[in-house]
Each structure stands twice: as structure tokens, then as C-alpha cells.
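Trainee: Got a structure for you, data-v9.tsv, holding TSV, C-alpha atoms.
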```tsv
chain	number	residue	atom	x	y	z
A	168	MET	CA	-163.04	-67.34	-57.41
A	169	LYS	CA	-162.06	-69.22	-60.56
A	170	VAL	CA	-162.36	-72.87	-61.50
A	171	LEU	CA	-159.46	-74.51	-63.32
A	172	LYS	CA	-160.86	-76.04	-66.51
A	173	LEU	CA	-158.84	-78.93	-67.94
A	174	SER	CA	-159.25	-81.05	-71.05
A	175	ALA	CA	-160.37	-84.64	-70.53
A	176	GLN	CA	-156.68	-85.52	-70.87
A	177	GLY	CA	-155.77	-83.20	-67.99
A	178	LEU	CA	-154.22	-80.27	-69.88
A	179	PRO	CA	-155.09	-76.81	-68.54
A	180	GLN	CA	-157.49	-74.94	-70.83
A	181	SER	CA	-158.59	-71.83	-68.95
A	182	TRP	CA	-159.60	-70.23	-65.68
A	183	ILE	CA	-163.39	-69.97	-65.73
A	184	SER	CA	-166.01	-68.38	-63.50
A	185	LEU	CA	-168.30	-70.44	-61.28
A	186	GLU	CA	-171.15	-69.61	-63.65
A	187	GLN	CA	-169.19	-70.94	-66.65
A	188	ALA	CA	-168.41	-74.10	-64.68
A	189	VAL	CA	-172.12	-74.59	-63.94
A	190	LEU	CA	-172.83	-74.44	-67.69
A	191	HIS	CA	-170.30	-77.26	-68.26
A	192	TYR	CA	-171.97	-79.34	-65.54
A	193	ALA	CA	-175.47	-78.62	-66.90
A	194	ALA	CA	-174.42	-79.58	-70.43
A	195	ASP	CA	-172.94	-82.84	-69.07
A	196	GLU	CA	-169.48	-81.86	-70.31
A	197	VAL	CA	-167.65	-82.50	-67.03
A	198	ARG	CA	-165.86	-85.84	-67.30
A	199	TRP	CA	-164.04	-85.76	-63.99
A	200	GLU	CA	-163.39	-83.54	-61.00
A	201	VAL	CA	-160.45	-82.97	-58.66
A	202	GLY	CA	-160.06	-80.79	-55.63
A	203	ALA	CA	-162.56	-79.46	-53.19
A	204	GLU	CA	-166.18	-78.59	-53.74
A	205	VAL	CA	-166.26	-74.79	-53.94
A	206	ALA	CA	-169.91	-73.98	-54.57
A	207	VAL	CA	-173.40	-75.43	-54.71
A	208	PHE	CA	-175.98	-73.90	-57.07
A	209	ARG	CA	-179.63	-74.70	-56.36
A	210	GLY	CA	-182.33	-74.67	-58.99
A	211	GLY	CA	-186.04	-75.31	-59.11
A	212	HIS	CA	-188.08	-78.04	-57.46
A	213	ASN	CA	-189.29	-81.17	-59.25
A	214	ALA	CA	-193.11	-81.02	-59.46
A	215	ARG	CA	-193.52	-84.75	-58.78
A	216	THR	CA	-190.93	-85.38	-56.09
A	217	GLY	CA	-190.47	-81.90	-54.64
A	218	GLU	CA	-186.72	-82.43	-54.83
A	219	GLN	CA	-184.64	-79.33	-55.55
A	220	SER	CA	-182.07	-79.58	-58.32
A	221	GLN	CA	-178.51	-78.67	-57.48
A	222	ILE	CA	-175.13	-78.53	-59.14
A	223	ARG	CA	-172.01	-78.99	-57.04
A	224	VAL	CA	-168.90	-77.34	-58.48
A	225	ASN	CA	-165.36	-78.53	-57.78
A	226	SER	CA	-162.28	-76.32	-58.00
A	227	ILE	CA	-160.79	-78.36	-60.89
A	228	ILE	CA	-162.85	-79.92	-63.68
A	229	GLY	CA	-161.92	-82.04	-66.68
A	230	THR	CA	-164.23	-81.43	-69.62
A	231	ARG	CA	-164.97	-83.51	-72.69
A	232	GLY	CA	-163.81	-82.60	-76.13
A	233	VAL	CA	-160.53	-82.03	-77.87
A	234	PRO	CA	-158.20	-79.59	-76.10
A	235	ASN	CA	-158.06	-76.16	-77.68
A	236	ILE	CA	-154.53	-75.67	-76.33
A	237	ASN	CA	-151.66	-77.68	-77.76
A	238	PRO	CA	-148.89	-77.56	-75.11
A	239	PHE	CA	-146.22	-77.97	-77.78
A	240	ASN	CA	-147.36	-74.87	-79.69
A	241	LEU	CA	-147.90	-72.74	-76.59
A	242	ARG	CA	-146.38	-69.29	-76.51
A	243	PRO	CA	-147.67	-67.72	-73.28
A	244	GLY	CA	-148.72	-64.12	-73.58
A	245	LEU	CA	-146.24	-61.66	-72.12
A	246	THR	CA	-147.70	-59.18	-69.65
A	247	ASN	CA	-146.00	-57.11	-66.98
A	248	SER	CA	-147.92	-58.78	-64.17
A	249	LYS	CA	-146.92	-62.28	-65.34
A	250	LEU	CA	-143.33	-61.14	-65.90
A	251	PHE	CA	-143.07	-59.66	-62.41
A	252	ILE	CA	-144.48	-62.85	-60.86
A	253	ARG	CA	-142.10	-64.99	-62.96
A	254	ASP	CA	-139.19	-62.92	-61.63
A	255	ARG	CA	-140.63	-62.79	-58.08
A	256	ASN	CA	-140.70	-58.95	-58.09
A	257	VAL	CA	-136.89	-58.97	-57.92
A	258	CYS	CA	-134.85	-56.53	-60.00
A	259	ALA	CA	-132.55	-58.48	-62.35
A	260	TYR	CA	-129.76	-55.92	-61.79
A	261	CYS	CA	-129.71	-54.84	-58.14
A	262	GLY	CA	-131.42	-57.95	-56.73
A	263	GLN	CA	-133.79	-56.02	-54.49
A	264	ASP	CA	-137.44	-56.88	-53.92
A	265	PHE	CA	-139.99	-54.27	-55.07
A	266	HIS	CA	-143.73	-53.71	-55.17
A	267	GLU	CA	-145.06	-54.20	-58.71
A	268	THR	CA	-145.81	-50.46	-59.01
A	269	GLU	CA	-142.08	-49.77	-58.72
A	270	LEU	CA	-141.08	-52.26	-61.43
A	271	THR	CA	-140.64	-52.08	-65.20
A	272	ARG	CA	-140.30	-54.49	-68.10
A	273	GLU	CA	-136.64	-54.23	-69.04
A	274	HIS	CA	-135.38	-55.35	-72.45
A	275	ILE	CA	-132.01	-57.07	-72.22
A	276	ILE	CA	-131.24	-56.15	-75.82
A	277	PRO	CA	-133.00	-52.78	-76.10
A	278	PHE	CA	-135.34	-51.82	-78.94
A	279	ALA	CA	-132.73	-49.23	-79.97
A	280	GLN	CA	-130.42	-52.17	-80.76
A	281	ASN	CA	-133.09	-54.24	-82.53
A	282	GLY	CA	-134.23	-56.07	-79.39
A	283	VAL	CA	-137.63	-57.74	-79.37
A	284	ASP	CA	-140.44	-57.96	-76.83
A	285	THR	CA	-140.28	-61.68	-75.96
A	286	TRP	CA	-139.97	-63.70	-72.74
A	287	MET	CA	-136.31	-64.47	-73.49
A	288	ASN	CA	-135.40	-60.79	-73.93
A	289	VAL	CA	-137.13	-59.29	-70.90
A	290	VAL	CA	-136.53	-59.25	-67.18
A	291	THR	CA	-137.96	-57.34	-64.25
A	292	ALA	CA	-136.08	-54.19	-63.26
A	293	CYS	CA	-136.64	-51.41	-60.78
A	294	ARG	CA	-137.13	-47.98	-62.30
A	295	SER	CA	-133.70	-46.82	-61.14
A	296	CYS	CA	-131.79	-49.72	-62.74
A	297	ASN	CA	-133.86	-49.52	-65.92
A	298	HIS	CA	-133.04	-45.81	-66.21
A	299	ARG	CA	-129.35	-46.39	-65.44
A	300	LYS	CA	-129.04	-49.18	-68.04
A	301	SER	CA	-130.88	-47.01	-70.58
A	302	SER	CA	-130.64	-48.23	-74.19
A	303	ARG	CA	-127.52	-50.33	-73.64
A	304	THR	CA	-127.06	-54.07	-73.20
A	305	PRO	CA	-126.14	-55.33	-69.71
A	306	GLU	CA	-122.54	-55.74	-70.89
A	307	GLN	CA	-122.36	-52.22	-72.30
A	308	ALA	CA	-123.84	-50.80	-69.09
A	309	ARG	CA	-121.65	-53.04	-66.91
A	310	MET	CA	-124.76	-54.28	-65.15
A	311	PRO	CA	-124.69	-58.10	-65.21
A	312	LEU	CA	-127.97	-60.00	-64.98
A	313	LEU	CA	-128.49	-61.73	-61.64
A	314	TYR	CA	-130.82	-64.34	-63.19
A	315	ALA	CA	-131.63	-65.58	-66.68
A	316	PRO	CA	-134.96	-65.09	-68.42
A	317	TYR	CA	-137.05	-68.10	-69.48
A	318	VAL	CA	-140.34	-68.88	-71.21
A	319	PRO	CA	-142.92	-70.20	-68.72
A	320	SER	CA	-144.32	-73.68	-69.35
A	321	LEU	CA	-148.06	-74.24	-69.89
A	322	TRP	CA	-148.44	-75.08	-66.20
A	323	GLU	CA	-146.43	-72.07	-65.01
A	324	ASP	CA	-148.43	-69.82	-67.32
A	325	PHE	CA	-151.67	-70.90	-65.64
A	326	ILE	CA	-150.16	-70.07	-62.24
A	327	LEU	CA	-148.96	-66.69	-63.53
A	328	ARG	CA	-152.43	-65.88	-64.95
A	329	ASN	CA	-154.37	-66.07	-61.69
A	330	ARG	CA	-153.61	-64.21	-58.47
A	331	ARG	CA	-156.16	-66.10	-56.36
A	332	ILE	CA	-155.39	-69.77	-56.76
A	333	LEU	CA	-156.92	-72.16	-54.25
A	334	ALA	CA	-154.54	-74.50	-52.41
A	335	ASP	CA	-155.78	-77.63	-54.21
A	336	GLN	CA	-155.51	-75.91	-57.60
A	337	MET	CA	-151.96	-74.77	-56.79
A	338	GLU	CA	-150.98	-78.26	-55.67
A	339	PHE	CA	-152.35	-79.73	-58.92
A	340	LEU	CA	-150.55	-77.18	-61.11
A	341	MET	CA	-147.27	-77.31	-59.16
A	342	ALA	CA	-147.16	-81.11	-59.58
A	343	HIS	CA	-146.69	-80.49	-63.33
A	344	VAL	CA	-144.28	-77.54	-63.21
A	345	PRO	CA	-140.74	-78.30	-64.53
A	346	ARG	CA	-138.25	-79.06	-61.76
A	347	THR	CA	-136.11	-76.11	-62.85
A	348	SER	CA	-138.94	-73.60	-62.44
A	349	ARG	CA	-138.39	-70.57	-60.21
A	350	LEU	CA	-141.98	-71.02	-59.07
A	351	LEU	CA	-141.14	-74.50	-57.78
A	352	MET	CA	-137.97	-73.22	-56.12
A	353	ASP	CA	-140.01	-70.56	-54.29
A	354	SER	CA	-142.56	-73.07	-53.01
A	355	LEU	CA	-139.80	-75.43	-51.81
A	356	ALA	CA	-138.14	-72.55	-49.96
A	357	LEU	CA	-141.44	-71.80	-48.20
A	358	THR	CA	-141.76	-75.36	-46.92
A	359	ASP	CA	-138.21	-75.56	-45.53
```
With the file now loaded, output its structure as C-alpha cells.

Mentor:
Amino acid sequence: MKVLKLSAQGLPQSWISLEQAVLHYAADEVRWEVGAEVAVFRGGHNARTGEQSQIRVNSIIGTRGVPNINPFNLRPGLTNSKLFIRDRNVCAYCGQDFHETELTREHIIPFAQNGVDTWMNVVTACRSCNHRKSSRTPEQARMPLLYAPYVPSLWEDFILRNRRILADQMEFLMAHVPRTSRLLMDSLALTD
């Protein structure tokens, strides 16, 4: 289980372990909390009162200090797992759903034609379509893209980074996702 660490201003900073969250609480760096209580850590007993110390950890914490992430300079790291989640495990060419083990990172403009490895030049493709397209562009291969690539926002990137997001954490993050996000479209489709 991970705790969503935010700046005091509410910008996502990182996913941290429960133990890292306890350190923020113990150092009095937690300025505010949101979401459910997810753990209670108990310490020693006070010699005078006999009372046991405890730290209660919430699923989302805002910590003091200046954010170390500037949302305007953010360039989310590109990994296959985040790419596949961004594209919902759907091949950009045949439109079929696949398990992540059957998917590849497909370069729209291939390396052989001076393509680059960036969010805007990659889509998810099944192995068969990737092989069929080879080192050609979609136009050259006569394989039109079924959806356009995009660079995830700061909020989307935090969703893409963690596979086990608690409901209250997801609700908090989704409230900040751009309205045009595929992630938002998927969650709206689930509620209909």
C-alpha cells in the first residue's frame, strides 16, 4: 500500500511507503490529510502517564516545504507499463484488447526514419500489428491509427505510476485530471 504525498499546495509529489509517511508525521511535516486512515503505528509507553504513542496515517498527506515537482516543467517518464495503461491495453491499429505481455511499444515514426522515443511518437500495439507495420509510418503501411497519442498530465502520471490506488486516492487524483483524458473517459464509462 502506498500513501499519496502532496505538497502543502496540493500538488502530487510521490507515492511513498507507510514507513516513509510515518517519518513525515514524526518530523511534524504533515500539514494536512485527506482520505481514509489506512494504518496506525504504535510506539513506546510514556513512563509518567503509561500512555502509548501512536501515529495514524491517512491515504493522502500534504507535507510542508516547497514542491520538488513543477507541474509546468513536468515530462513524465515513458515506460511500457504506463504507456499500456494510457492506451488501455488496446492496439492502436487493430483496436483489440490485449494482456500487457502481448503488447509492444510501437513508434509511429520508426527509428529507421529518425523517429524518437517520446509520448507523442508512441502507441500501444499488439505484436502482430507491430510486426506488420515494421519500419514504416502508419500511412506507408496503410494502417491508420485508431487513437492519437498524448502526453499524460501530472495527475494522470500519478495514476499511471501506481497499480494499487485506493478509492479515495483515485477520487482525489481523478478530480484533477483534464476533461479530455482517456482515463476520465474510462471511469465515466464504468459509472454509466

Trainee: Do you have the CA of Arg223 (chain A)-CA of Asp324 (chain A) distance handy?

Mentor: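 Distance reported for this atom pair: 27.3 Å.
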
Trainee: How many Å lie between CA of Ile252 (chain A) and CA of Asp335 (chain A), rounded to one decimal?

Mentor: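 Computing the Euclidean distance for CA of Ile252 (chain A) and CA of Asp335 (chain A) yields 19.8 Å.
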
Trainee: Can you check which parts of region 244-358 of chain A lie within 12 Å of region 191-201 of chain A? Per residue, the shortest pair of atoms and distance in Å to one decimal, counting all atoms listed in the file, sorted by chain and number, as JSON lines.

Mentor:
```
{"residue": "A:Asp335", "atom": "CA", "partner": "A:Val201", "partner_atom": "CA", "distance": 8.4}
{"residue": "A:Gln336", "atom": "CA", "partner": "A:Val201", "partner_atom": "CA", "distance": 8.7}
{"residue": "A:Met337", "atom": "CA", "partner": "A:Val201", "partner_atom": "CA", "distance": 12.0}
{"residue": "A:Glu338", "atom": "CA", "partner": "A:Val201", "partner_atom": "CA", "distance": 11.0}
{"residue": "A:Phe339", "atom": "CA", "partner": "A:Val201", "partner_atom": "CA", "distance": 8.7}
{"residue": "A:Leu340", "atom": "CA", "partner": "A:Val201", "partner_atom": "CA", "distance": 11.7}
```

Trainee: Take the residues from that selection and write them out as a short mmCIF file (atom, residue, chain, number, x, y, z; two decimals), in the frame of the given file, keeping C-alpha atoms.

Mentor:
```cif
data_model
loop_
_atom_site.label_atom_id
_atom_site.label_comp_id
_atom_site.auth_asym_id
_atom_site.auth_seq_id
_atom_site.Cartn_x
_atom_site.Cartn_y
_atom_site.Cartn_z
CA ASP A 335 -155.78 -77.63 -54.21
CA GLN A 336 -155.51 -75.91 -57.60
CA MET A 337 -151.96 -74.77 -56.79
CA GLU A 338 -150.98 -78.26 -55.67
CA PHE A 339 -152.35 -79.73 -58.92
CA LEU A 340 -150.55 -77.18 -61.11
#
```

Trainee: What's the 7 Å shell around region 288-296 of chain A, counting only C-alpha atoms, without same-chain residues fewer than 4 positions away, as a list in words?

Mentor: Leu250, Phe251, Asp254, Asn256, Val257, Cys258, Ala259, Tyr260, Glu269, Leu270, Thr271, Arg272, Glu273, His274, Ile275, Ile276, Val283, Asp284, Lys300 and Pro316 of chain A

Trainee: Distance CA of Thr304 (chain A)-CA of Gly262 (chain A), one decimal place?

Mentor: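 So the two atoms, CA of Thr304 (chain A) and CA of Gly262 (chain A), lie 17.5 Å apart.
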
Trainee: Quick one: of A:Trp322, A:Phe208, A:Pro277, A:Glu306, who's nearest to Gly177 (chain A), counting only C-alpha atoms?

Mentor: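 Checking each of A:Trp322, A:Phe208, A:Pro277, A:Glu306 against Gly177 (chain A), counting only C-alpha atoms, the winner is A:Trp322.
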
Trainee: From the set A:Ser320, A:Asn297, A:Ser184, A:Ser220, which residue has the shortest atom-to-atom contact distance to Arg253 (chain A), counting all atoms listed in the file?

Mentor: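 Distance minimum relative to Arg253 (chain A) lands on A:Ser320.
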
Trainee: Set the distance at 6 Å and use only C-alpha atoms: which residues neighbour Ala175 (chain A) once local chain neighbours fewer than 6 positions away are removed? I'd like the list as an MDAnalysis selection string.

Mentor: chainID A and resid 229:231

Trainee: Using all atoms listed in the file, pick whichever of A:Ala206, A:Leu333, A:Val224, A:Ala279 has the shortest atom-to-atom distance to Arg303 (chain A).

Mentor: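 Closest candidate: A:Ala279.
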
Trainee: Using all atoms listed in the file, which residue out of A:Leu171, A:Leu312, A:Pro319, A:Arg330 lies closest to Thr347 (chain A)?

Mentor: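 Selected residue with least distance to Thr347 (chain A): A:Pro319.
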